[in-house]
Amino acid sequence: AGNTFYDGLADLFEEKGKLVQEKTGLHFALYGYEGHPEAKHVIVVMGSAAVTCGETASFLAKHKGQRVGVLKVRLFRPWDSSRFLAALPTTTERICVLDRTKEQGSQGEPLLLEVASMLHSSAHSEIVVIGGRYGLGSKEFTPNMVLSIYENLAQESPKPRFTVGIEDDVTHLSLPVGPWLNVLPEGTTECMFYGLGSDGTVGANKSAVKMIAMGTELHAQAKTSSAFLAYFEYDAKKSGGVTISHLRFGPKPIHAPYNVRAADYMAIHKPSYVHNYDMTRYLKQNAVCVINCSWDVSDLEKQLPAKMRRDLAEKKAKLYIIDATKIAGLGKRINMIMQTVFFKLSAVMPYEEAVEMLKKSIKKMYGKKGDKVVKMNIDGVDASIEGIVECEVPAAWASLAIDKEASDSKGNKVAYGKGPRMFPEVQNASQFANQVQAPCNNLDGNSLPVSAFVPGGRVPCGTSQYEKRGIAIQVPKVDMDKCTQCNKCSLICPHAAVRPFLMTTQELGKAPATFKEGSRAAIGGGVLDNYQYRIQVSPWDCTGCELCVRICPADALTLGPAEK
């Protein structure tokens with residue numbers, strides 16, 4: 001009885017789509033085609049991946065002369081064969097259907113089975129149909145991956161079932177992916193900002209996008225009206241974790257639902273990041289790189305890793321440093337300082353107008369926090385430019401050898417097991433930390449091969465001991481003469497970076513001299529008379545939240561610079 005309702009749904013969706021088009025000017029066909037009008041190889045896909053496929057297909061058709069295209073499915077149920085076949089070019093010889101799901105034990109994923117059965121039943125069995133998976137586990141789907149799919153379709157015997165975006169060295173289903181393919185419109189500027197969760201970087205960048213949009217509208221007469229795209233990446237730690245802001249802007253509409261991988265401007269808001277992450281691999285030639293740090297120019301040779309220095313030199317990047325923490329006087333809240341630097345060095349809009357709009361946004365954002373906070377932020381904006389230091393990038397850096405670092409990395413690398421994948425009864429925590437955890441912490445987790453993992457996704461306990469982030473600007477220092485041994489600091493510490501210790505005289509004798517000096521006789525009487533007591537802070541695990549300092553009833557904890 002309900003068949004007639006489903007049979008008419010496609011017509012109803014199309015009718016309502018016309019109303020949307022009248023209001024917005026946007027037209028979305030239920031089955032829309034993009035690419036070469038006489039394409040031989042066509043990708044069929046749903047969701048945001050259709051945008052990436054469409055941009056890549058148009059680029060390859062226009063600039064490379066390849067007869068490729070993409071058919072975007074916007075109505076999966078109820079399936080409409082007539083509309084699908086009407087949108088498909090009559091010249092199509094091969095189709096690749098992409099699914100963002102994995103159906104264990106099936107002949108193929110849902111969209112693939114739908115397309116294959118339709119072509120078979122509609123007398124189009126001469127068209128070769130293959131299927132692939134992408135994007136599982138939030139994997140990126142990028143233009144160079146789309147190119148690898150078209151290259152597979154062009155093979156004499158294309159791989160009938162595959163995955164793309166991972167390295168499958170167990171069942172060998174993955175496609176090889178070539179170098180980065182830039183399909184963005186000419187004149188597009190790309191930016192990356194590496195911030196610390198809760199330091200205000202993400203919020204400031206969201207404000208910057210609005211400001212640039214407003215600023216460029218003010219200059220529409222100069223034909224600088226622009227398109228913008230922003231995406232914000234967070235790690236699982238949220239506050240205190242790394243954040244990466246991806247900003248794109250340009251004179252033409254931008255359709256790029258993937259991360260920036262060739263930045264014109266890069267800002268590194270945390271000095272410890274230069275040792276933890278390989279960020280400069282994403283710089284373009286002649287890009288701008290800004291580092292927030294307390295180092296002098298003379299310190300860069302010692303502080304920056306060889307790989308980073310070589311990248312800067314090879315790409316002829318302009319390097320700047322600024323001590324935003326000192327200028328701001330607001331602890332880790334350096335967002336407005338670094339935003340001012342961005343507008344000054346990127347030249348995305350007239351600097352004077354940007355500063356004026358930035359100050360207005362400060363009053364709006366921080367007005368409720370009081371005039372003092374507003375004034376400190378505005379003063380920081382005014383002092384930012386004087387704090388920028390341009391650093392020479394010696395040409396000799398381009399020939400730096402990083403063999404030692406590479407050999408160290410190679411020596412720590414775990415040999416991944418081949419053959420049948422077994423469920424280990426006991427997993428070694430240090431092996432897991434070296435094999436899986438360390439690459440993930442270094443933002444390289446997506447490069448791990450399938451063989452690095454065991455079925456079931458088991459994770460051993462006790463792996464946090466292998467992760468030392470060192471993100472705190474200031475860490476607590478304990479005055480044991482004032483300490484009342486209440487242990488409240490340890491109880492409130494969210495990351496167990498403040499810990500109390502009870503030691504016998506024998507155990508204390510084996511401890512380092514500095515640890516002995518800070519120990520005191522345990523309070524409480526009875527059995528505790530035979531013990532020494534000590535509060536110990538781990539600077540590498542501390543996040544600088546200050547909770548321990550605030551809760552201490554005896555003011556025995558004070559904050560000091562982490563580098564000391």
# chains A, B, ... in the order shown; residues from 1 in each chain; ligands from 1
$ select_by_dssp --residues "segment 60-186 of chain A" --states "helix (DSSP H, G or I)" --output "MDAnalysis selection string"
chainID A and resid 60:63 81:87 110:121 136:138 143:153
$ residues_around --residues "Leu557 of chain A" --least-positions-apart "4" --cutoff "9 Å" --atoms "only C-alpha atoms" --output "list in words"
Pro476, Lys477, Val478, Asp479, Met480, Lys482, Cys483, Cys489, Cys548, Val549, Arg550 and Cys552 of chain A
$ write_last_selection --atoms "N, CA, C and O atoms" --output "CSV table (one decimal), in the first residue's frame"
chain,number,residue,atom,x,y,z
A,476,PRO,N,54.3,24.4,38.6
A,476,PRO,CA,54.4,24.7,40.1
A,476,PRO,C,55.7,24.2,40.7
A,476,PRO,O,56.2,23.2,40.3
A,477,LYS,N,56.2,25.0,41.6
A,477,LYS,CA,57.3,24.6,42.4
A,477,LYS,C,56.9,24.6,43.9
A,477,LYS,O,56.2,25.4,44.4
A,478,VAL,N,57.4,23.5,44.6
A,478,VAL,CA,56.9,23.2,45.9
A,478,VAL,C,57.9,23.7,47.0
A,478,VAL,O,59.1,23.5,46.9
A,479,ASP,N,57.4,24.4,47.9
A,479,ASP,CA,58.2,24.8,49.1
A,479,ASP,C,57.8,23.9,50.2
A,479,ASP,O,56.8,24.0,50.9
A,480,MET,N,58.6,22.8,50.4
A,480,MET,CA,58.3,21.8,51.4
A,480,MET,C,58.3,22.3,52.8
A,480,MET,O,57.7,21.7,53.7
A,482,LYS,N,56.7,24.9,53.8
A,482,LYS,CA,55.3,25.4,54.0
A,482,LYS,C,54.3,24.3,53.9
A,482,LYS,O,53.2,24.4,54.3
A,483,CYS,N,54.7,23.2,53.2
A,483,CYS,CA,53.7,22.1,52.9
A,483,CYS,C,53.1,21.5,54.2
A,483,CYS,O,53.9,21.1,55.1
A,489,CYS,N,46.7,19.1,46.5
A,489,CYS,CA,47.3,19.4,45.2
A,489,CYS,C,47.3,18.1,44.3
A,489,CYS,O,47.0,18.2,43.1
A,548,CYS,N,46.4,23.3,41.3
A,548,CYS,CA,47.1,23.0,42.5
A,548,CYS,C,47.5,24.2,43.3
A,548,CYS,O,47.5,24.2,44.6
A,549,VAL,N,48.0,25.3,42.6
A,549,VAL,CA,48.4,26.5,43.3
A,549,VAL,C,47.2,27.1,44.0
A,549,VAL,O,47.3,27.6,45.1
A,550,ARG,N,46.0,27.1,43.3
A,550,ARG,CA,44.8,27.7,43.9
A,550,ARG,C,44.3,27.0,45.1
A,550,ARG,O,43.7,27.6,46.1
A,552,CYS,N,46.0,25.0,47.3
A,552,CYS,CA,46.9,24.8,48.4
A,552,CYS,C,46.6,25.7,49.6
A,552,CYS,O,46.6,27.0,49.4
$ residues_around --residues "His41 of chain A" --least-positions-apart "5" --cutoff "7 Å" --atoms "only C-alpha atoms" --output "PyMOL selection string"
chain A and resi 67-69+92-95+153
$ write_last_selection --atoms "all heavy atoms" --output "PDB file, in the first residue's frame"
ATOM      1  N   ARG A  67      39.507  12.342 -20.217  1.00  0.00           N
ATOM      2  CA  ARG A  67      38.063  12.138 -20.339  1.00  0.00           C
ATOM      3  C   ARG A  67      37.548  11.430 -19.072  1.00  0.00           C
ATOM      4  O   ARG A  67      37.279  10.236 -19.063  1.00  0.00           O
ATOM      5  CB  ARG A  67      37.751  11.339 -21.605  1.00  0.00           C
ATOM      6  CG  ARG A  67      38.109  12.082 -22.877  1.00  0.00           C
ATOM      7  CD  ARG A  67      37.962  11.203 -24.103  1.00  0.00           C
ATOM      8  NE  ARG A  67      36.575  10.741 -24.298  1.00  0.00           N
ATOM      9  CZ  ARG A  67      36.205   9.942 -25.285  1.00  0.00           C
ATOM     10  NH1 ARG A  67      37.101   9.503 -26.165  1.00  0.00           N
ATOM     11  NH2 ARG A  67      34.941   9.567 -25.393  1.00  0.00           N
ATOM     12  N   VAL A  68      37.441  12.207 -18.018  1.00  0.00           N
ATOM     13  CA  VAL A  68      37.013  11.678 -16.731  1.00  0.00           C
ATOM     14  C   VAL A  68      35.901  12.547 -16.176  1.00  0.00           C
ATOM     15  O   VAL A  68      35.737  13.714 -16.550  1.00  0.00           O
ATOM     16  CB  VAL A  68      38.182  11.620 -15.718  1.00  0.00           C
ATOM     17  CG1 VAL A  68      39.259  10.666 -16.199  1.00  0.00           C
ATOM     18  CG2 VAL A  68      38.771  13.013 -15.489  1.00  0.00           C
ATOM     19  N   GLY A  69      35.117  11.972 -15.273  1.00  0.00           N
ATOM     20  CA  GLY A  69      34.034  12.723 -14.652  1.00  0.00           C
ATOM     21  C   GLY A  69      33.595  12.073 -13.364  1.00  0.00           C
ATOM     22  O   GLY A  69      34.105  11.023 -12.962  1.00  0.00           O
ATOM     23  N   THR A  92      30.490   6.495 -21.414  1.00  0.00           N
ATOM     24  CA  THR A  92      31.102   5.840 -20.255  1.00  0.00           C
ATOM     25  C   THR A  92      31.454   4.382 -20.570  1.00  0.00           C
ATOM     26  O   THR A  92      30.624   3.629 -21.079  1.00  0.00           O
ATOM     27  CB  THR A  92      30.150   5.882 -19.052  1.00  0.00           C
ATOM     28  OG1 THR A  92      29.840   7.242 -18.749  1.00  0.00           O
ATOM     29  CG2 THR A  92      30.795   5.234 -17.830  1.00  0.00           C
ATOM     30  N   GLU A  93      32.710   4.028 -20.249  1.00  0.00           N
ATOM     31  CA  GLU A  93      33.174   2.656 -20.440  1.00  0.00           C
ATOM     32  C   GLU A  93      33.431   1.953 -19.111  1.00  0.00           C
ATOM     33  O   GLU A  93      33.232   0.737 -19.002  1.00  0.00           O
ATOM     34  CB  GLU A  93      34.457   2.640 -21.281  1.00  0.00           C
ATOM     35  CG  GLU A  93      34.272   3.191 -22.693  1.00  0.00           C
ATOM     36  CD  GLU A  93      35.579   3.225 -23.472  1.00  0.00           C
ATOM     37  OE1 GLU A  93      36.620   2.802 -22.903  1.00  0.00           O
ATOM     38  OE2 GLU A  93      35.574   3.695 -24.619  1.00  0.00           O
ATOM     39  N   ARG A  94      33.881   2.748 -18.128  1.00  0.00           N
ATOM     40  CA  ARG A  94      34.208   2.160 -16.831  1.00  0.00           C
ATOM     41  C   ARG A  94      33.714   3.072 -15.709  1.00  0.00           C
ATOM     42  O   ARG A  94      33.805   4.298 -15.807  1.00  0.00           O
ATOM     43  CB  ARG A  94      35.719   1.932 -16.687  1.00  0.00           C
ATOM     44  CG  ARG A  94      36.266   0.870 -17.636  1.00  0.00           C
ATOM     45  CD  ARG A  94      37.757   0.694 -17.466  1.00  0.00           C
ATOM     46  NE  ARG A  94      38.263  -0.396 -18.295  1.00  0.00           N
ATOM     47  CZ  ARG A  94      39.533  -0.787 -18.330  1.00  0.00           C
ATOM     48  NH1 ARG A  94      40.436  -0.173 -17.568  1.00  0.00           N
ATOM     49  NH2 ARG A  94      39.906  -1.789 -19.111  1.00  0.00           N
ATOM     50  N   ILE A  95      33.216   2.433 -14.664  1.00  0.00           N
ATOM     51  CA  ILE A  95      32.702   3.164 -13.504  1.00  0.00           C
ATOM     52  C   ILE A  95      33.389   2.639 -12.250  1.00  0.00           C
ATOM     53  O   ILE A  95      33.553   1.435 -12.081  1.00  0.00           O
ATOM     54  CB  ILE A  95      31.174   2.983 -13.367  1.00  0.00           C
ATOM     55  CG1 ILE A  95      30.436   3.759 -14.458  1.00  0.00           C
ATOM     56  CG2 ILE A  95      30.681   3.453 -11.999  1.00  0.00           C
ATOM     57  CD1 ILE A  95      28.935   3.564 -14.432  1.00  0.00           C
ATOM     58  N   LEU A 153      41.395   3.031 -12.878  1.00  0.00           N
ATOM     59  CA  LEU A 153      40.381   2.775 -13.896  1.00  0.00           C
ATOM     60  C   LEU A 153      40.992   2.649 -15.286  1.00  0.00           C
ATOM     61  O   LEU A 153      40.482   1.910 -16.136  1.00  0.00           O
ATOM     62  CB  LEU A 153      39.347   3.905 -13.900  1.00  0.00           C
ATOM     63  CG  LEU A 153      38.176   3.801 -12.921  1.00  0.00           C
ATOM     64  CD1 LEU A 153      37.357   5.080 -12.941  1.00  0.00           C
ATOM     65  CD2 LEU A 153      37.298   2.610 -13.248  1.00  0.00           C
TER      66      LEU A 153
END
$ decode --residues "segment 484-521 of chain A" --atoms "N, CA, C and O atoms" --output "PDB file, in the first residue's frame"
ATOM      1  N   THR A 484      51.815  21.347  54.228  1.00  0.00           N
ATOM      2  CA  THR A 484      51.139  20.731  55.375  1.00  0.00           C
ATOM      3  C   THR A 484      50.839  19.254  55.143  1.00  0.00           C
ATOM      4  O   THR A 484      50.202  18.613  55.989  1.00  0.00           O
ATOM      5  N   GLN A 485      51.246  18.725  53.985  1.00  0.00           N
ATOM      6  CA  GLN A 485      51.070  17.320  53.631  1.00  0.00           C
ATOM      7  C   GLN A 485      49.589  16.918  53.573  1.00  0.00           C
ATOM      8  O   GLN A 485      49.201  15.807  53.919  1.00  0.00           O
ATOM      9  N   CYS A 486      48.751  17.848  53.107  1.00  0.00           N
ATOM     10  CA  CYS A 486      47.310  17.561  53.004  1.00  0.00           C
ATOM     11  C   CYS A 486      46.967  16.786  51.735  1.00  0.00           C
ATOM     12  O   CYS A 486      45.894  16.198  51.626  1.00  0.00           O
ATOM     13  N   ASN A 487      47.869  16.826  50.748  1.00  0.00           N
ATOM     14  CA  ASN A 487      47.708  16.092  49.481  1.00  0.00           C
ATOM     15  C   ASN A 487      46.586  16.631  48.591  1.00  0.00           C
ATOM     16  O   ASN A 487      46.207  15.979  47.603  1.00  0.00           O
ATOM     17  N   LYS A 488      46.054  17.802  48.891  1.00  0.00           N
ATOM     18  CA  LYS A 488      44.986  18.350  48.053  1.00  0.00           C
ATOM     19  C   LYS A 488      45.481  18.653  46.643  1.00  0.00           C
ATOM     20  O   LYS A 488      44.739  18.516  45.666  1.00  0.00           O
ATOM     21  N   CYS A 489      46.741  19.071  46.527  1.00  0.00           N
ATOM     22  CA  CYS A 489      47.298  19.380  45.203  1.00  0.00           C
ATOM     23  C   CYS A 489      47.302  18.141  44.322  1.00  0.00           C
ATOM     24  O   CYS A 489      46.996  18.202  43.129  1.00  0.00           O
ATOM     25  N   SER A 490      47.615  17.010  44.911  1.00  0.00           N
ATOM     26  CA  SER A 490      47.636  15.756  44.156  1.00  0.00           C
ATOM     27  C   SER A 490      46.227  15.316  43.778  1.00  0.00           C
ATOM     28  O   SER A 490      45.992  14.820  42.671  1.00  0.00           O
ATOM     29  N   LEU A 491      45.276  15.521  44.674  1.00  0.00           N
ATOM     30  CA  LEU A 491      43.899  15.108  44.412  1.00  0.00           C
ATOM     31  C   LEU A 491      43.267  15.913  43.281  1.00  0.00           C
ATOM     32  O   LEU A 491      42.501  15.378  42.480  1.00  0.00           O
ATOM     33  N   ILE A 492      43.600  17.193  43.199  1.00  0.00           N
ATOM     34  CA  ILE A 492      42.932  18.050  42.214  1.00  0.00           C
ATOM     35  C   ILE A 492      43.634  18.052  40.859  1.00  0.00           C
ATOM     36  O   ILE A 492      43.054  18.471  39.861  1.00  0.00           O
ATOM     37  N   CYS A 493      44.860  17.575  40.790  1.00  0.00           N
ATOM     38  CA  CYS A 493      45.605  17.616  39.521  1.00  0.00           C
ATOM     39  C   CYS A 493      44.932  16.702  38.491  1.00  0.00           C
ATOM     40  O   CYS A 493      44.854  15.485  38.687  1.00  0.00           O
ATOM     41  N   PRO A 494      44.439  17.251  37.376  1.00  0.00           N
ATOM     42  CA  PRO A 494      43.715  16.438  36.387  1.00  0.00           C
ATOM     43  C   PRO A 494      44.601  15.434  35.661  1.00  0.00           C
ATOM     44  O   PRO A 494      44.092  14.462  35.099  1.00  0.00           O
ATOM     45  N   HIS A 495      45.905  15.658  35.638  1.00  0.00           N
ATOM     46  CA  HIS A 495      46.801  14.813  34.849  1.00  0.00           C
ATOM     47  C   HIS A 495      47.803  14.048  35.709  1.00  0.00           C
ATOM     48  O   HIS A 495      48.799  13.530  35.191  1.00  0.00           O
ATOM     49  N   ALA A 496      47.563  13.997  37.021  1.00  0.00           N
ATOM     50  CA  ALA A 496      48.433  13.265  37.937  1.00  0.00           C
ATOM     51  C   ALA A 496      49.890  13.695  37.809  1.00  0.00           C
ATOM     52  O   ALA A 496      50.807  12.885  37.937  1.00  0.00           O
ATOM     53  N   ALA A 497      50.086  14.992  37.531  1.00  0.00           N
ATOM     54  CA  ALA A 497      51.448  15.516  37.413  1.00  0.00           C
ATOM     55  C   ALA A 497      52.023  15.935  38.755  1.00  0.00           C
ATOM     56  O   ALA A 497      53.221  16.187  38.873  1.00  0.00           O
ATOM     57  N   VAL A 498      51.176  16.011  39.796  1.00  0.00           N
ATOM     58  CA  VAL A 498      51.623  16.343  41.150  1.00  0.00           C
ATOM     59  C   VAL A 498      51.356  15.116  42.014  1.00  0.00           C
ATOM     60  O   VAL A 498      50.205  14.708  42.188  1.00  0.00           O
ATOM     61  N   ARG A 499      52.414  14.534  42.563  1.00  0.00           N
ATOM     62  CA  ARG A 499      52.245  13.279  43.307  1.00  0.00           C
ATOM     63  C   ARG A 499      52.984  13.317  44.655  1.00  0.00           C
ATOM     64  O   ARG A 499      54.124  13.803  44.725  1.00  0.00           O
ATOM     65  N   PRO A 500      52.343  12.776  45.702  1.00  0.00           N
ATOM     66  CA  PRO A 500      53.020  12.665  47.003  1.00  0.00           C
ATOM     67  C   PRO A 500      53.786  11.343  47.107  1.00  0.00           C
ATOM     68  O   PRO A 500      53.365  10.326  46.544  1.00  0.00           O
ATOM     69  N   PHE A 501      54.913  11.363  47.788  1.00  0.00           N
ATOM     70  CA  PHE A 501      55.720  10.155  47.955  1.00  0.00           C
ATOM     71  C   PHE A 501      56.046   9.943  49.431  1.00  0.00           C
ATOM     72  O   PHE A 501      56.395  10.895  50.145  1.00  0.00           O
ATOM     73  N   LEU A 502      55.932   8.690  49.881  1.00  0.00           N
ATOM     74  CA  LEU A 502      56.399   8.273  51.204  1.00  0.00           C
ATOM     75  C   LEU A 502      57.570   7.313  51.001  1.00  0.00           C
ATOM     76  O   LEU A 502      57.476   6.366  50.214  1.00  0.00           O
ATOM     77  N   MET A 503      58.687   7.579  51.702  1.00  0.00           N
ATOM     78  CA  MET A 503      59.891   6.775  51.495  1.00  0.00           C
ATOM     79  C   MET A 503      60.506   6.386  52.833  1.00  0.00           C
ATOM     80  O   MET A 503      60.508   7.185  53.788  1.00  0.00           O
ATOM     81  N   THR A 504      61.031   5.191  52.861  1.00  0.00           N
ATOM     82  CA  THR A 504      61.833   4.787  54.024  1.00  0.00           C
ATOM     83  C   THR A 504      63.204   5.421  53.897  1.00  0.00           C
ATOM     84  O   THR A 504      63.583   5.926  52.838  1.00  0.00           O
ATOM     85  N   THR A 505      63.960   5.382  54.980  1.00  0.00           N
ATOM     86  CA  THR A 505      65.323   5.931  54.947  1.00  0.00           C
ATOM     87  C   THR A 505      66.172   5.203  53.923  1.00  0.00           C
ATOM     88  O   THR A 505      66.993   5.811  53.223  1.00  0.00           O
ATOM     89  N   GLN A 506      65.965   3.911  53.802  1.00  0.00           N
ATOM     90  CA  GLN A 506      66.722   3.120  52.831  1.00  0.00           C
ATOM     91  C   GLN A 506      66.382   3.541  51.406  1.00  0.00           C
ATOM     92  O   GLN A 506      67.274   3.689  50.565  1.00  0.00           O
ATOM     93  N   GLU A 507      65.114   3.754  51.140  1.00  0.00           N
ATOM     94  CA  GLU A 507      64.692   4.171  49.790  1.00  0.00           C
ATOM     95  C   GLU A 507      65.190   5.576  49.482  1.00  0.00           C
ATOM     96  O   GLU A 507      65.608   5.863  48.355  1.00  0.00           O
ATOM     97  N   LEU A 508      65.161   6.439  50.478  1.00  0.00           N
ATOM     98  CA  LEU A 508      65.629   7.811  50.268  1.00  0.00           C
ATOM     99  C   LEU A 508      67.119   7.846  49.974  1.00  0.00           C
ATOM    100  O   LEU A 508      67.602   8.704  49.226  1.00  0.00           O
ATOM    101  N   GLY A 509      67.844   6.907  50.525  1.00  0.00           N
ATOM    102  CA  GLY A 509      69.285   6.867  50.285  1.00  0.00           C
ATOM    103  C   GLY A 509      69.628   6.595  48.838  1.00  0.00           C
ATOM    104  O   GLY A 509      70.722   6.948  48.375  1.00  0.00           O
ATOM    105  N   LYS A 510      68.749   5.966  48.120  1.00  0.00           N
ATOM    106  CA  LYS A 510      68.997   5.659  46.705  1.00  0.00           C
ATOM    107  C   LYS A 510      68.506   6.765  45.773  1.00  0.00           C
ATOM    108  O   LYS A 510      68.717   6.693  44.563  1.00  0.00           O
ATOM    109  N   ALA A 511      67.823   7.767  46.328  1.00  0.00           N
ATOM    110  CA  ALA A 511      67.238   8.827  45.503  1.00  0.00           C
ATOM    111  C   ALA A 511      68.285   9.877  45.141  1.00  0.00           C
ATOM    112  O   ALA A 511      69.308  10.016  45.817  1.00  0.00           O
ATOM    113  N   PRO A 512      68.063  10.660  44.089  1.00  0.00           N
ATOM    114  CA  PRO A 512      68.983  11.750  43.722  1.00  0.00           C
ATOM    115  C   PRO A 512      69.081  12.780  44.840  1.00  0.00           C
ATOM    116  O   PRO A 512      68.159  12.918  45.666  1.00  0.00           O
ATOM    117  N   ALA A 513      70.168  13.511  44.843  1.00  0.00           N
ATOM    118  CA  ALA A 513      70.425  14.482  45.915  1.00  0.00           C
ATOM    119  C   ALA A 513      69.347  15.557  45.972  1.00  0.00           C
ATOM    120  O   ALA A 513      68.916  15.966  47.055  1.00  0.00           O
ATOM    121  N   THR A 514      68.905  16.048  44.803  1.00  0.00           N
ATOM    122  CA  THR A 514      67.894  17.106  44.787  1.00  0.00           C
ATOM    123  C   THR A 514      66.569  16.611  45.364  1.00  0.00           C
ATOM    124  O   THR A 514      65.813  17.382  45.956  1.00  0.00           O
ATOM    125  N   PHE A 515      66.283  15.318  45.197  1.00  0.00           N
ATOM    126  CA  PHE A 515      65.052  14.747  45.746  1.00  0.00           C
ATOM    127  C   PHE A 515      65.161  14.642  47.278  1.00  0.00           C
ATOM    128  O   PHE A 515      64.195  14.914  47.998  1.00  0.00           O
ATOM    129  N   LYS A 516      66.354  14.279  47.750  1.00  0.00           N
ATOM    130  CA  LYS A 516      66.557  14.173  49.200  1.00  0.00           C
ATOM    131  C   LYS A 516      66.381  15.523  49.879  1.00  0.00           C
ATOM    132  O   LYS A 516      65.784  15.627  50.953  1.00  0.00           O
ATOM    133  N   GLU A 517      66.900  16.568  49.247  1.00  0.00           N
ATOM    134  CA  GLU A 517      66.846  17.903  49.847  1.00  0.00           C
ATOM    135  C   GLU A 517      65.414  18.361  50.053  1.00  0.00           C
ATOM    136  O   GLU A 517      65.117  19.127  50.978  1.00  0.00           O
ATOM    137  N   GLY A 518      64.505  17.930  49.172  1.00  0.00           N
ATOM    138  CA  GLY A 518      63.120  18.383  49.273  1.00  0.00           C
ATOM    139  C   GLY A 518      62.254  17.517  50.155  1.00  0.00           C
ATOM    140  O   GLY A 518      61.067  17.822  50.339  1.00  0.00           O
ATOM    141  N   SER A 519      62.780  16.466  50.731  1.00  0.00           N
ATOM    142  CA  SER A 519      61.956  15.574  51.553  1.00  0.00           C
ATOM    143  C   SER A 519      61.911  16.076  52.994  1.00  0.00           C
ATOM    144  O   SER A 519      62.844  16.706  53.495  1.00  0.00           O
ATOM    145  N   ARG A 520      60.799  15.767  53.658  1.00  0.00           N
ATOM    146  CA  ARG A 520      60.605  16.153  55.053  1.00  0.00           C
ATOM    147  C   ARG A 520      60.018  14.959  55.807  1.00  0.00           C
ATOM    148  O   ARG A 520      59.431  14.057  55.210  1.00  0.00           O
ATOM    149  N   ALA A 521      60.126  14.978  57.115  1.00  0.00           N
ATOM    150  CA  ALA A 521      59.553  13.896  57.925  1.00  0.00           C
ATOM    151  C   ALA A 521      58.047  13.866  57.754  1.00  0.00           C
ATOM    152  O   ALA A 521      57.378  14.910  57.777  1.00  0.00           O
TER     153      ALA A 521
END
